[in-house]
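Chemist: So I've got this file, coords.pdb, and it contains PDB, C-alpha atoms:
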```pdb
ATOM      1  CA  MET A1057     111.936  98.519  99.260
ATOM      2  CA  SER A1058     111.935  98.381  95.486
ATOM      3  CA  HIS A1059     108.684  98.873  93.601
ATOM      4  CA  SER A1060     108.736  97.408  90.130
ATOM      5  CA  THR A1061     105.262  98.390  88.974
ATOM      6  CA  SER A1062     103.644 101.705  88.200
ATOM      7  CA  ALA A1063     100.405 103.320  89.255
ATOM      8  CA  ARG A1064      99.365 103.263  85.599
ATOM      9  CA  GLU A1065      99.975  99.487  85.371
ATOM     10  CA  VAL A1066      97.859  98.900  88.470
ATOM     11  CA  ALA A1067      95.078 101.146  87.178
ATOM     12  CA  ASP A1068      95.104  99.320  83.837
ATOM     13  CA  ALA A1069      94.933  95.950  85.619
ATOM     14  CA  ILE A1070      91.622  96.910  87.224
ATOM     15  CA  LYS A1071      90.079  98.766  84.296
ATOM     16  CA  ASP A1072      87.086  96.414  84.103
ATOM     17  CA  VAL A1073      86.161  96.592  87.797
ATOM     18  CA  ASP A1074      82.735  97.872  88.795
ATOM     19  CA  PHE A1075      83.197 100.406  91.583
ATOM     20  CA  PRO A1076      82.875 100.718  94.479
ATOM     21  CA  ALA A1077      85.059  97.686  95.050
ATOM     22  CA  GLY A1078      86.936  96.151  97.941
ATOM     23  CA  LYS A1079      90.529  95.002  98.085
ATOM     24  CA  ASP A1080      89.696  91.326  97.438
ATOM     25  CA  ASP A1081      87.573  92.259  94.405
ATOM     26  CA  LEU A1082      90.444  94.316  93.001
ATOM     27  CA  ILE A1083      92.991  91.540  93.462
ATOM     28  CA  ARG A1084      90.681  88.979  91.868
ATOM     29  CA  ALA A1085      89.970  91.292  88.899
ATOM     30  CA  ALA A1086      93.673  91.993  88.364
ATOM     31  CA  ARG A1087      94.477  88.273  88.335
ATOM     32  CA  GLU A1088      91.630  87.571  85.897
ATOM     33  CA  ALA A1089      92.880  90.385  83.653
ATOM     34  CA  GLY A1090      96.326  88.780  83.520
ATOM     35  CA  ALA A1091      98.078  91.524  85.488
ATOM     36  CA  SER A1092     101.734  91.094  86.357
ATOM     37  CA  GLN A1093     102.682  89.592  89.703
ATOM     38  CA  ASP A1094     104.075  92.986  90.692
ATOM     39  CA  ALA A1095     100.730  94.693  90.039
ATOM     40  CA  VAL A1096      98.878  92.031  92.044
ATOM     41  CA  ALA A1097     101.429  92.357  94.859
ATOM     42  CA  ALA A1098     100.912  96.129  94.872
ATOM     43  CA  LEU A1099      97.162  95.579  95.248
ATOM     44  CA  ARG A1100      97.730  93.108  98.084
ATOM     45  CA  GLY A1101      99.544  95.929  99.899
ATOM     46  CA  ILE A1102      96.649  98.406  99.898
ATOM     47  CA  PRO A1103      94.446  98.939 102.955
ATOM     48  CA  PRO A1104      91.328  96.720 103.114
ATOM     49  CA  GLU A1105      88.844  99.470 102.274
ATOM     50  CA  SER A1106      86.167 100.134  99.708
ATOM     51  CA  TYR A1107      87.498 102.140  96.767
ATOM     52  CA  ALA A1108      85.291 104.463  94.720
ATOM     53  CA  ASN A1109      87.365 104.471  91.507
ATOM     54  CA  ARG A1110      90.640 103.478  89.847
ATOM     55  CA  GLU A1111      92.354 106.711  90.833
ATOM     56  CA  GLU A1112      91.748 106.023  94.528
ATOM     57  CA  VAL A1113      93.277 102.586  94.090
ATOM     58  CA  ALA A1114      96.263 103.895  92.142
ATOM     59  CA  ARG A1115      96.897 106.485  94.837
ATOM     60  CA  SER A1116      96.820 103.787  97.523
ATOM     61  CA  VAL A1117      99.351 101.388  96.027
ATOM     62  CA  ARG A1118     103.013 101.705  96.867
ATOM     63  CA  VAL A1119     104.859 102.312  93.636
ATOM     64  CA  ASP A1120     107.896 104.170  92.429
ATOM     65  CA  PRO A1121     107.172 107.896  92.951
ATOM     66  CA  ALA A1122     108.497 108.554  89.447
ATOM     67  CA  SER A1123     105.562 106.591  88.001
ATOM     68  CA  ASP A1124     102.988 109.352  87.974
ATOM     69  CA  LEU A1125      99.303 109.183  87.218
ATOM     70  CA  GLY A1126      99.514 111.276  84.095
ATOM     71  CA  THR A1127     100.213 114.511  85.912
ATOM     72  CA  SER A1128     101.875 117.339  84.060
ATOM     73  CA  PRO A1129     105.109 119.000  85.232
ATOM     74  CA  ALA A1130     103.005 121.935  86.471
ATOM     75  CA  GLN A1131     100.828 119.597  88.529
ATOM     76  CA  ARG A1132     103.859 117.869  90.015
ATOM     77  CA  ALA A1133     105.278 121.275  90.964
ATOM     78  CA  GLU A1134     101.993 122.145  92.661
ATOM     79  CA  GLN A1135     102.113 118.845  94.540
ATOM     80  CA  ALA A1136     105.538 119.827  95.839
ATOM     81  CA  ARG A1137     104.210 123.194  97.040
ATOM     82  CA  ALA A1138     100.925 121.948  98.453
ATOM     83  CA  GLY A1139     100.750 120.405 101.855
ATOM     84  CA  GLY A1140      99.221 116.998 102.208
ATOM     85  CA  LYS A1141      98.143 114.777 105.022
ATOM     86  CA  PRO A1142     100.870 114.112 107.593
ATOM     87  CA  GLY A1143     103.179 111.437 106.229
ATOM     88  CA  GLN A1144     101.674 111.567 102.731
ATOM     89  CA  SER A1145     104.153 111.315  99.898
ATOM     90  CA  GLN A1146     104.414 114.304  97.620
ATOM     91  CA  HIS A1147     103.361 112.371  94.523
ATOM     92  CA  LEU A1148     100.128 111.275  96.239
ATOM     93  CA  ARG A1149      98.882 114.765  97.092
ATOM     94  CA  GLU A1150      95.741 116.034  95.400
ATOM     95  CA  VAL A1151      96.391 118.790  92.910
ATOM     96  CA  PRO A1152      94.038 120.748  90.683
ATOM     97  CA  LYS A1153      94.567 121.010  86.953
ATOM     98  CA  PRO A1154      96.523 124.069  85.824
ATOM     99  CA  PRO A1155      94.250 126.904  84.573
ATOM    100  CA  VAL A1156      95.326 126.317  80.962
ATOM    101  CA  GLU A1157      94.221 122.665  81.094
ATOM    102  CA  GLU A1158      90.913 123.667  82.728
ATOM    103  CA  GLU A1159      90.274 126.124  79.881
ATOM    104  CA  LEU A1160      91.135 123.496  77.259
ATOM    105  CA  ASP A1161      88.755 121.019  78.907
ATOM    106  CA  ARG A1162      85.951 123.586  78.913
ATOM    107  CA  GLY A1163      86.592 124.244  75.203
ATOM    108  CA  ARG A1164      86.208 120.525  74.408
ATOM    109  CA  ASP A1165      82.869 120.370  76.220
ATOM    110  CA  ARG A1166      81.341 123.076  74.034
TER     111      ARG A1166
END
```
When written as structure tokens, how does the structure in this file appear?
Modeler:
Amino acid sequence: MSHSTSAREVADAIKDVDFPAGKDDLIRAAREAGASQDAVAALRGIPPESYANREEVARSVRVDPASDLGTSPAQRAEQARAGGKPGQSQHLREVPKPPVEEELDRGRDR
């Protein structure tokens, strides 16, 4: 199956949604935002659950694994090493930020 949208495109299509939100709310918001048919189709393919935020939605849509969610090469490498839920695609696995990025984030907060 070919996926012609990206997780980023889907996340951008629902940027104005108030969370938590259900599948129907997400589809309606994407249509109102003028999202592509591919992005709406990706949302139609997610499980009918309540989603807490855009990242949860983006991780639930079926997209090309090469379309990452802004992860760095180090994070993608950690995803490859880390185990996930049975049957979970590598690019969907949770991964912490590398220590360098954590330190940079702490420096910005000061």
Chemist: Run the PyMOL selection byres ((chain A and resi 1075) around 9) mentally over the shown coordinates, then write out the matched residues as an mmCIF file with C-alpha atoms, in the frame of the given file, using the chain letters and numbers from the document.
Modeler:
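Result file follows (selection20.cif):
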```cif
data_model
loop_
_atom_site.group_PDB
_atom_site.id
_atom_site.type_symbol
_atom_site.label_atom_id
_atom_site.label_comp_id
_atom_site.auth_asym_id
_atom_site.auth_seq_id
_atom_site.Cartn_x
_atom_site.Cartn_y
_atom_site.Cartn_z
ATOM 1 C CA VAL A 1073 86.161 96.592 87.797
ATOM 2 C CA ASP A 1074 82.735 97.872 88.795
ATOM 3 C CA PRO A 1076 82.875 100.718 94.479
ATOM 4 C CA ALA A 1077 85.059 97.686 95.050
ATOM 5 C CA GLY A 1078 86.936 96.151 97.941
ATOM 6 C CA SER A 1106 86.167 100.134 99.708
ATOM 7 C CA TYR A 1107 87.498 102.140 96.767
ATOM 8 C CA ALA A 1108 85.291 104.463 94.720
ATOM 9 C CA ASN A 1109 87.365 104.471 91.507
ATOM 10 C CA ARG A 1110 90.640 103.478 89.847
#
```
Chemist: Calculate how many Å separate atom CA of Ile1070 of chain A from atom CA of Gly1090 of chain A, rounding to one decimal.
Modeler: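 Distance between the two atoms: 10.1 Å.
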Chemist: Have a look at A:Ala1098, A:Asp1161, A:Pro1129, A:Glu1134 and name the one nearest to Ala1063 of chain A; count all atoms listed in the file.
Modeler: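 Closest to Ala1063 of chain A of all the choices is A:Ala1098.
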Chemist: Looking at A:Arg1137, A:Pro1155, A:Leu1160, A:Lys1079, which one is nearest to Ser1116 of chain A, with distances taken over only C-alpha atoms?
Modeler: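 Of all the options, A:Lys1079 lies closest to Ser1116 of chain A.
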Chemist: Atom CA of Glu1065 of chain A to atom CA of Ser1092 of chain A: how many Å, to one decimal?
Modeler: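 Taking atom CA of Glu1065 of chain A as the start and atom CA of Ser1092 of chain A as the end point, the length is 8.6 Å.
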Chemist: By how many Å are atom CA of Ala1133 of chain A and atom CA of Arg1118 of chain A apart?
Modeler: 20.6 Å
